[in-house]
Protein chains: 6
Amino acid sequence: MANKVRTAEMTWREVEAAIKNGAAALVPMGSTEEHGPHAPTGDYMIADTIAERVATNTGDVMTPTIPFSYSEYFRHYPGTITLQPETLTLLVRDTVYCLLDQGFRHVILFNGHKGNEPVLMTLIRKIRRERGVLVPVVAPLGFGLTPAVQKELYGDTPTGHGAEPIGSIQSYLRPDLVDLDKAEDWASKEYLGQPANLNAITFEGRTVNLAINMGEITPPSGSLSDPLVASPEKGERIVANSIEGLTAFVKWFKSVDPQVEP
Amino acid sequence: MANKVRTAEMTWREVEAAIKNGAAALVPMGSTEEHGPHAPTGDYMIADTIAERVATNTGDVMTPTIPFSYSEYFRHYPGTITLQPETLTLLVRDTVYCLLDQGFRHVILFNGHKGNEPVLMTLIRKIRRERGVLVPVVAPLGFGLTPAVQKELYGDTPTGHGAEPIGSIQSYLRPDLVDLDKAEDWASKEYLGQPANLNAITFEGRTVNLAINMGEITPPSGSLSDPLVASPEKGERIVANSIEGLTAFVKWFKSVDPQVEP
Amino acid sequence: MANKVRTAEMTWREVEAAIKNGAAALVPMGSTEEHGPHAPTGDYMIADTIAERVATNTGDVMTPTIPFSYSEYFRHYPGTITLQPETLTLLVRDTVYCLLDQGFRHVILFNGHKGNEPVLMTLIRKIRRERGVLVPVVAPLGFGLTPAVQKELYGDTPTGHGAEPIGSIQSYLRPDLVDLDKAEDWASKEYLGQPANLNAITFEGRTVNLAINMGEITPPSGSLSDPLVASPEKGERIVANSIEGLTAFVKWFKSVDPQVEP
Amino acid sequence: MANKVRTAEMTWREVEAAIKNGAAALVPMGSTEEHGPHAPTGDYMIADTIAERVATNTGDVMTPTIPFSYSEYFRHYPGTITLQPETLTLLVRDTVYCLLDQGFRHVILFNGHKGNEPVLMTLIRKIRRERGVLVPVVAPLGFGLTPAVQKELYGDTPTGHGAEPIGSIQSYLRPDLVDLDKAEDWASKEYLGQPANLNAITFEGRTVNLAINMGEITPPSGSLSDPLVASPEKGERIVANSIEGLTAFVKWFKSVDPQVEP
Amino acid sequence: MANKVRTAEMTWREVEAAIKNGAAALVPMGSTEEHGPHAPTGDYMIADTIAERVATNTGDVMTPTIPFSYSEYFRHYPGTITLQPETLTLLVRDTVYCLLDQGFRHVILFNGHKGNEPVLMTLIRKIRRERGVLVPVVAPLGFGLTPAVQKELYGDTPTGHGAEPIGSIQSYLRPDLVDLDKAEDWASKEYLGQPANLNAITFEGRTVNLAINMGEITPPSGSLSDPLVASPEKGERIVANSIEGLTAFVKWFKSVDPQVEP
Amino acid sequence: MANKVRTAEMTWREVEAAIKNGAAALVPMGSTEEHGPHAPTGDYMIADTIAERVATNTGDVMTPTIPFSYSEYFRHYPGTITLQPETLTLLVRDTVYCLLDQGFRHVILFNGHKGNEPVLMTLIRKIRRERGVLVPVVAPLGFGLTPAVQKELYGDTPTGHGAEPIGSIQSYLRPDLVDLDKAEDWASKEYLGQPANLNAITFEGRTVNLAINMGEITPPSGSLSDPLVASPEKGERIVANSIEGLTAFVKWFKSVDPQVEP
């Protein structure tokens, strides 16, 4: 039973020992939401796997992965579970406060869903005000698909939700769940006649935030970019890059005193 | 990719097809909490596995398993994550409403944690009032450890949290995570000089509800009964009994129209 | 003005004196809800009377009785007032905190409505976490209708809501309000073809929680058992047994220090 | 069992009949709070009695009396139970919505505690917006102690909380609970050197709202005016005047269609 | 840059200096709501101007003016913005707590909208309980239109919303925004056949609170009294009287220690 | 009274006419928060002025400007008023719903504070779900300081909070409120030894979100960049560019049907 990193697989005595040894607690978060007709809805597996490998590298522990996100814009796609912002806030707050109350000093949110950012940013400020502790939010995808790696892997080919990089990553991690033959037409369509993404249109070069639903800027597939460029090699590269970066970060953050003035 | 039952492993098109085929959606729920010094904290794996096998039997689907519960009485044990009742309420409500909105007609909560019952009972009444739909709550443990099986497996030996039946079930499902050598002293102690369980004392034969913490009625171990009676055979028997009962229930419930007067 | 036990009938100086004398504060709770066509809706009178007699026995005091409960399943019956769970939680919490803030050390909830239990269990845990104090919940009905008394009075005849034991108790306490001639057909019907109670069906021997409304398992009467077995003698026996048990409990609880670790 | 007016004393069939007959539902509200050292804390008995007599006059019904108010300024006095504004709002809203849902068309709040007014004013506007129904709030005390009666009974002698008119009314309704020998010093003191009442000081002739506590403008007694002027005759006069006025009002209001544009 | 009183026009260093000098913080509040067809909706300008002149007189500072109120009864008139009571409560609470946290000891609410009173009264009691500080609420209109000034300016001519005194005050402060030629018919109509104001009818001489909308007691104009009696001279008199009274009050309140027992 | 654009300066009849003419409603939002020792805290004046000029160009109207933001990271600086996220959400929601209820079809949020973005993004999704209407959020600063203008005005000189571009804009709009002689040392400091901004550090090239307070990445001044590069000419250029862009946007958006599927 050596080297366990999942608190769910540890006894409470083992978690107790980890706390005494100064372990950090990683809290992986991901989504269950549409990722095109060729890839599985459960992207939380990615944050889960990356957190596990990072924790193994650093000798820290991870809680069970939170499998639902604030994915309002995907909620019309069967299989998507979206939490309201206040639900997500309470869920993560309860989790973090349990960990802090039990003696963990370093708690790190591994946020696999970019759409959670607005919610988590206000939450970590609330936590700082209430408890005087810094809780960082890191993005496993962002740590893996750095601009350099983006360029290396995709060149000028655009990536986007419902296709890359999730297709490649899942091809690497869970090849049994990806079937590129099922991919459908893709496009990143204009909305109201303007260039658009999920949160905004660009009007004459300026960003205008709008509550856009996925189906308004893609074909029925829900794919914003070409799923067929996926490859397990790309996925492996991204995951490895993410693990490397996050391993360094976690090690460094444990050298920081997270207890600060509110 | 035939026979997938986890929505997280399905594409949204596959979930769409499942809805069109009239599949029910199982929502497994479990805890991450102390289970004695010999067994892992993550009991949600049990509800997860049972739901998977039931769904396979019935041709239905399951969402990702909610890994945290209302486990207030265990919150002092390292590794326990307890959600506040209002957090759990919102979390399950958001999940159920996504499923209903996408067209699932039969949603069934597989509740692996007895302590969630008070919260879920008020929630399913709220859901009925707001949506006019019946959402049943079934207990995988209760379905497995029926009085007859309890007697068959344990005779008159008491079972209790922090030991059985979780020890046996995990010995069967995840033998790598159970180490009976790590078991410590166990006892079901009185509280304030009266016979007690987690929610009540018995005073002169009558029940008095009290907010008791686990550590007040057990030794440091957190074990209410003898962990050493665990065996994978017992676990297998309980799990098989649960799956059999739940398979029959799910099949039956799908023959019921869950849409009712509020 | 000697021997007053109702704080509502005392001056604030008298309540002040009671606190100084170490009196406990009993908080009676009951419902206004259907009890069949022959008995009054206001069952809170029962908890009120029992609390009064207990407080007289023990030299303690009682607040005014909270006359409404969480009675969602009865809400279609004219006269039923049901509070939402969050309303009941706030109402009892405010009451308890006033008493604690004014110096009462022992506060005891006399809960006359079984359906309040899920709400009160989460509330007393919240109170313990926020104030570090044990607030017990006792059930006047459960204290009176112990298994032995149930057998003595009813033998194998079933009892159930909308009839017994409320009919007998009200025949004893308020004979003017009970008219057995008005009783209608009674039955404990199956729901969806399964044995059922208000919170669950029994499917192949296993319990399945469901949000059932009273009208789904009874005839129009709202009576689950035979109202005609009621008698004031039965009521007297139950009330006396309850008072005896609660008197002993309150005396004992006052010997306990309710201030504990959260 | 003819002529019952308390829904708590009626069977649900009797309440059903009352609704069919077009009865209005009166909801009496009062407080449990300090009323000086000579009079009982439970003033809700007054609203209760007056509502009962009015309902008897008009052939309508009344729910159980809500015995707690928003009495923040009295909360330091033993025996006072004060509800937070949001608690009171939810409590009355749940009550009113049950009555409306069951078919009552005219619901009238009999508010015995002036301090509830700010809370009830925002509540009845919320009810109007959500349900499009007018729910009036009447004050039994204000209906009884009209300016003319005030002059007739007290002339220029001031009245005030902790003394009159509650002392007289309770001397009439519950003489067993009033003991003028226990009265202590009274005064309506300045606060911060300015003329004051519970909600405001008067600064150079202008009103300035302040969150004043009772103990800051009275001696320890909590009496703002002279308790010794109390007499049962005065109480009878006030109560009779209130009943007369409210009887007329209820009769009139039942001739009004309370369903309006939100 | 000497003599600035608006924190919005000051640098943070200047606000810092003001706090060190013991300045009070005035928080002006007003409405954007109908004021008849002849006067602008933004009455918050009045509280803003008066607060500015008072702060100039006393050497204190003012925050930006909150321009929206709880104006539920005017919400059907185009241009009215009404905040829900809970929104207004949070908004003012956040504002006050920022000021207290930064070191202001005297915070005074300049409430330009009478309809806010119920909300602010419960808020300042909450603030007192949570922080132990007295936060007064003053009414610029009430300070200006004292009974003596009312009589002096209007004699026995009634004033009322949608006309006076706002018409006169705006004629004085913002003559460009008032056009008496646009005034329409005015009246203070009965409601349901009874004398009425926005919050109540008078039934046989007694007040009955009702959730009345403005349009129910006025002609389409929204004017309760005669707009044509407006004059800038009247406005000047009222404003001057208000400033004089408030200047005295602020000076006095700064001599008071606002930190009190909760 | 021609050409008024501020609803606060219009009568309700004028707002009514604007709605009938199809006017859009602009809702300007800004902050009261630190902007260095040389510039005023009230940046909401900027959104206010820009909205006014845009509305004048397009023939639309604007509500009063909301002067407070979610400025948690600046809350230690005297004069900063920060709203909690839930307060801001309710405040803007109430405002938008009033406008929609009164008949405005196009409502546009002019958000002057970047820190509000996370809150407003979740809000406009909530509005879309509840009302099926698109409410865009535009940033007056972002519309003015486009990349091209940034380069034109500042070249490679960095800009940042507590200095540019607010210093220049206020120098142009309110030169009386800016005093560059009061500027203090500025810097964009590392936090915990890493490059940082208010919401994140950059760790080995990757972004890590953290709840950083302003004082942790600047000298006492609160200035992240050099205030002395400010000039009214720069401010005029930015404001003009913003007005031009927003004028075009508002005109275009009014040609769009904002009513959409939720």
# chains A, B, ... in the order shown; residues from 1 in each chain; ligands from 1
>>> select_by_dssp(residues="region 92-193 of chain F", states="alpha helix (DSSP H)", output="PyMOL selection string")
chain F and resi 92-101+117-131+140-144+147-154+166-173
>>> residues_around(residues="region 52-60 of chain D", least_positions_apart="2", cutoff="8 Å", atoms="only C-alpha atoms", output="MDAnalysis selection string")
chainID D and resid 3:6 18 23:26 48:50 62 243:244 246:247 250:251
>>> write_last_selection(atoms="C-alpha atoms", output="compact mmCIF listing (two decimals), in the first residue's frame")
# COMPACT_ATOMS: atom_id res chain seq x y z
CA ASN D 3 -69.34 27.28 15.24
CA LYS D 4 -65.70 26.31 15.52
CA VAL D 5 -63.41 29.03 14.22
CA ARG D 6 -59.96 27.65 14.93
CA ALA D 18 -65.29 26.51 5.41
CA ALA D 23 -64.64 31.80 4.68
CA ALA D 24 -61.71 34.15 5.13
CA ALA D 25 -58.60 32.93 6.92
CA LEU D 26 -57.28 35.10 9.71
CA ASP D 48 -55.34 35.17 19.45
CA THR D 49 -58.35 36.12 21.52
CA ILE D 50 -59.33 39.04 19.37
CA MET D 62 -58.30 31.50 12.08
CA ILE D 243 -63.24 43.52 17.91
CA GLU D 244 -65.88 45.90 16.70
CA LEU D 246 -62.05 44.30 12.97
CA THR D 247 -65.41 42.64 12.62
CA VAL D 250 -63.33 41.53 7.83
CA LYS D 251 -66.92 41.67 6.66
>>> residues_around(residues="Arg206 (chain E)", least_positions_apart="4", cutoff="10 Å", atoms="only C-alpha atoms", output="ChimeraX atom specification")
/D:138-139,142-147,242,245-246,249 /E:200-202
>>> atom_distance(atom1="CA of Leu91 (chain C)", atom2="CA of Val61 (chain C)")
19.2 Å
>>> select_by_dssp(residues="region 109-172 of chain A", states="strand (DSSP E)", output="PyMOL selection string")
chain A and resi 109-111+137-138
>>> write_last_selection(atoms="N, CA and C atoms", output="CSV table (one decimal), in the first residue's frame")
chain,number,residue,atom,x,y,z
A,109,LEU,N,-6.3,23.8,-6.3
A,109,LEU,CA,-7.4,23.4,-7.1
A,109,LEU,C,-6.9,23.2,-8.5
A,110,PHE,N,-7.1,21.9,-9.0
A,110,PHE,CA,-6.7,21.6,-10.4
A,110,PHE,C,-8.0,21.7,-11.2
A,111,ASN,N,-8.1,22.8,-11.9
A,111,ASN,CA,-9.4,23.1,-12.6
A,111,ASN,C,-9.3,22.7,-14.0
A,137,VAL,N,-5.4,28.2,-8.1
A,137,VAL,CA,-6.1,27.5,-9.1
A,137,VAL,C,-5.2,27.3,-10.3
A,138,VAL,N,-4.9,26.1,-10.6
A,138,VAL,CA,-4.1,25.8,-11.8
A,138,VAL,C,-4.9,25.1,-12.8
>>> interface_residues(of="chain E", to="chain D", cutoff="8 Å", atoms="only C-alpha atoms", output="ChimeraX atom specification")
/E:72,85,117-119,121-122,124-125,128,134-139,142-143,146,192,199,203-204,206-211,245,249,256
>>> atom_distance(atom1="CA of Thr157 (chain B)", atom2="CA of Thr218 (chain B)")
17.1 Å
>>> atom_distance(atom1="CA of Gly36 (chain E)", atom2="CA of Val96 (chain F)")
22.7 Å
>>> residues_around(residues="Leu177 (chain F)", least_positions_apart="6", cutoff="7 Å", atoms="only C-alpha atoms", output="list of chain:residue names")
E:Glu9, F:Ala39, F:Pro40
>>> write_last_selection(atoms="N, CA, C and O atoms", output="mmCIF file, in the first residue's frame")
data_model
loop_
_atom_site.group_PDB
_atom_site.id
_atom_site.type_symbol
_atom_site.label_atom_id
_atom_site.label_comp_id
_atom_site.auth_asym_id
_atom_site.auth_seq_id
_atom_site.Cartn_x
_atom_site.Cartn_y
_atom_site.Cartn_z
ATOM 1 N N GLU E 9 -14.107 61.951 -5.659
ATOM 2 C CA GLU E 9 -13.253 62.974 -6.268
ATOM 3 C C GLU E 9 -11.911 63.085 -5.556
ATOM 4 O O GLU E 9 -11.057 63.873 -5.946
ATOM 5 N N ALA F 39 -4.888 60.348 -8.570
ATOM 6 C CA ALA F 39 -6.135 60.353 -9.347
ATOM 7 C C ALA F 39 -7.291 59.938 -8.457
ATOM 8 O O ALA F 39 -7.111 59.212 -7.480
ATOM 9 N N PRO F 40 -8.476 60.395 -8.796
ATOM 10 C CA PRO F 40 -9.612 60.187 -7.897
ATOM 11 C C PRO F 40 -10.084 58.725 -7.887
ATOM 12 O O PRO F 40 -9.883 57.998 -8.859
#
>>> residues_around(residues="Gly235 (chain E)", least_positions_apart="5", cutoff="8 Å", atoms="only C-alpha atoms", output="list in words")
Pro165, Ile166, Gly167, Ser168, Ile169, Gln170, Ser171, Tyr172, Leu173 and Ala230 of chain E
>>> write_last_selection(atoms="N, CA, C and O atoms", output="compact mmCIF listing (two decimals), in the first residue's frame")
# COMPACT_ATOMS: atom_id res chain seq x y z
N PRO E 165 -43.10 67.74 -2.15
CA PRO E 165 -42.22 68.90 -2.34
C PRO E 165 -41.15 68.70 -3.40
O PRO E 165 -40.36 69.61 -3.65
N ILE E 166 -41.12 67.51 -4.04
CA ILE E 166 -40.04 67.26 -5.00
C ILE E 166 -40.05 68.29 -6.13
O ILE E 166 -38.99 68.76 -6.59
N GLY E 167 -41.26 68.67 -6.60
CA GLY E 167 -41.34 69.63 -7.70
C GLY E 167 -40.62 70.93 -7.35
O GLY E 167 -39.84 71.46 -8.14
N SER E 168 -40.88 71.43 -6.16
CA SER E 168 -40.23 72.67 -5.75
C SER E 168 -38.72 72.51 -5.59
O SER E 168 -37.94 73.36 -6.01
N ILE E 169 -38.34 71.40 -4.99
CA ILE E 169 -36.91 71.21 -4.75
C ILE E 169 -36.16 71.09 -6.08
O ILE E 169 -35.11 71.70 -6.27
N GLN E 170 -36.72 70.34 -6.99
CA GLN E 170 -36.05 70.21 -8.30
C GLN E 170 -36.11 71.53 -9.07
O GLN E 170 -35.18 71.84 -9.83
N SER E 171 -37.18 72.30 -8.90
CA SER E 171 -37.24 73.62 -9.55
C SER E 171 -36.10 74.50 -9.09
O SER E 171 -35.62 75.37 -9.81
N TYR E 172 -35.72 74.29 -7.85
CA TYR E 172 -34.63 75.07 -7.28
C TYR E 172 -33.27 74.51 -7.69
O TYR E 172 -32.38 75.25 -8.15
N LEU E 173 -33.13 73.19 -7.57
CA LEU E 173 -31.82 72.60 -7.83
C LEU E 173 -31.56 72.38 -9.32
O LEU E 173 -30.45 72.56 -9.79
N ALA E 230 -45.69 74.31 -7.12
CA ALA E 230 -44.23 74.29 -7.00
C ALA E 230 -43.62 75.66 -7.29
O ALA E 230 -44.10 76.40 -8.15
>>> residues_around(residues="Pro78 (chain F)", least_positions_apart="2", cutoff="10 Å", atoms="only C-alpha atoms", output="list in words")
Thr7, Thr11, Trp12, Arg13, Glu14, Val15, Glu16, Ala17, Ala18, Ile19, Cys98, Leu99, Asp101, Gln102, Gly103 and Phe104 of chain E; Glu33, Glu34, Thr41, Phe74, Arg75, His76, Thr80 and Ile81 of chain F
>>> decode(residues="region 172-196 of chain C", atoms="N, CA, C and O atoms", output="compact mmCIF listing (two decimals), in the first residue's frame")
# COMPACT_ATOMS: atom_id res chain seq x y z
N TYR C 172 -58.71 11.88 24.65
CA TYR C 172 -58.41 12.06 26.07
C TYR C 172 -58.21 13.54 26.41
O TYR C 172 -58.79 14.06 27.36
N LEU C 173 -57.42 14.22 25.57
CA LEU C 173 -57.08 15.60 25.90
C LEU C 173 -58.18 16.57 25.49
O LEU C 173 -58.45 17.55 26.19
N ARG C 174 -58.76 16.36 24.34
CA ARG C 174 -59.76 17.28 23.82
C ARG C 174 -60.95 16.52 23.27
O ARG C 174 -61.23 16.55 22.06
N PRO C 175 -61.70 15.85 24.15
CA PRO C 175 -62.83 15.03 23.65
C PRO C 175 -63.83 15.85 22.85
O PRO C 175 -64.52 15.31 21.98
N ASP C 176 -63.89 17.13 23.13
CA ASP C 176 -64.82 17.98 22.39
C ASP C 176 -64.46 18.09 20.91
O ASP C 176 -65.28 18.53 20.10
N LEU C 177 -63.26 17.73 20.57
CA LEU C 177 -62.81 17.94 19.18
C LEU C 177 -62.79 16.65 18.36
O LEU C 177 -62.40 16.67 17.20
N VAL C 178 -63.16 15.53 18.96
CA VAL C 178 -63.11 14.26 18.24
C VAL C 178 -64.54 13.73 18.07
O VAL C 178 -65.32 13.74 19.02
N ASP C 179 -64.84 13.31 16.88
CA ASP C 179 -66.18 12.76 16.63
C ASP C 179 -66.03 11.53 15.74
O ASP C 179 -65.91 11.64 14.51
N LEU C 180 -66.03 10.38 16.39
CA LEU C 180 -65.77 9.14 15.63
C LEU C 180 -66.86 8.86 14.60
O LEU C 180 -66.63 8.13 13.64
N ASP C 181 -68.01 9.48 14.81
CA ASP C 181 -69.07 9.29 13.82
C ASP C 181 -68.69 9.89 12.46
O ASP C 181 -69.29 9.56 11.43
N LYS C 182 -67.73 10.76 12.48
CA LYS C 182 -67.33 11.40 11.23
C LYS C 182 -66.23 10.61 10.50
O LYS C 182 -65.81 11.00 9.42
N ALA C 183 -65.78 9.57 11.15
CA ALA C 183 -64.71 8.78 10.52
C ALA C 183 -65.19 8.22 9.19
O ALA C 183 -66.37 7.90 9.02
N GLU C 184 -64.29 8.10 8.26
CA GLU C 184 -64.63 7.55 6.95
C GLU C 184 -63.81 6.28 6.71
O GLU C 184 -63.07 5.83 7.59
N ASP C 185 -63.93 5.76 5.52
CA ASP C 185 -63.13 4.59 5.15
C ASP C 185 -61.65 4.84 5.37
O ASP C 185 -61.16 5.94 5.13
N TRP C 186 -60.98 3.83 5.76
CA TRP C 186 -59.53 3.95 5.94
C TRP C 186 -58.84 2.81 5.20
O TRP C 186 -59.44 1.78 4.92
N ALA C 187 -57.60 3.02 4.90
CA ALA C 187 -56.79 1.97 4.29
C ALA C 187 -55.36 2.45 4.18
O ALA C 187 -55.09 3.65 4.12
N SER C 188 -54.48 1.51 4.18
CA SER C 188 -53.08 1.79 3.86
C SER C 188 -52.84 1.13 2.51
O SER C 188 -52.57 -0.06 2.42
N LYS C 189 -52.98 1.92 1.47
CA LYS C 189 -52.96 1.38 0.12
C LYS C 189 -51.55 1.21 -0.42
O LYS C 189 -50.60 1.85 0.04
N GLU C 190 -51.45 0.36 -1.38
CA GLU C 190 -50.19 0.27 -2.11
C GLU C 190 -50.01 1.52 -2.96
O GLU C 190 -50.97 2.21 -3.29
N TYR C 191 -48.76 1.78 -3.32
CA TYR C 191 -48.49 2.87 -4.26
C TYR C 191 -47.72 2.28 -5.42
O TYR C 191 -46.71 1.58 -5.21
N LEU C 192 -48.19 2.52 -6.60
CA LEU C 192 -47.57 1.95 -7.80
C LEU C 192 -47.52 0.43 -7.69
O LEU C 192 -46.61 -0.20 -8.22
N GLY C 193 -48.48 -0.12 -6.95
CA GLY C 193 -48.54 -1.57 -6.85
C GLY C 193 -47.61 -2.18 -5.82
O GLY C 193 -47.43 -3.40 -5.77
N GLN C 194 -47.01 -1.32 -4.97
CA GLN C 194 -46.07 -1.83 -3.97
C GLN C 194 -46.52 -1.39 -2.57
O GLN C 194 -47.13 -0.33 -2.43
N PRO C 195 -46.19 -2.17 -1.57
CA PRO C 195 -46.46 -1.72 -0.20
C PRO C 195 -45.79 -0.36 0.02
O PRO C 195 -44.66 -0.15 -0.45
N ALA C 196 -46.49 0.51 0.71
CA ALA C 196 -45.97 1.89 0.77
C ALA C 196 -46.27 2.55 2.11
O ALA C 196 -47.22 2.19 2.80
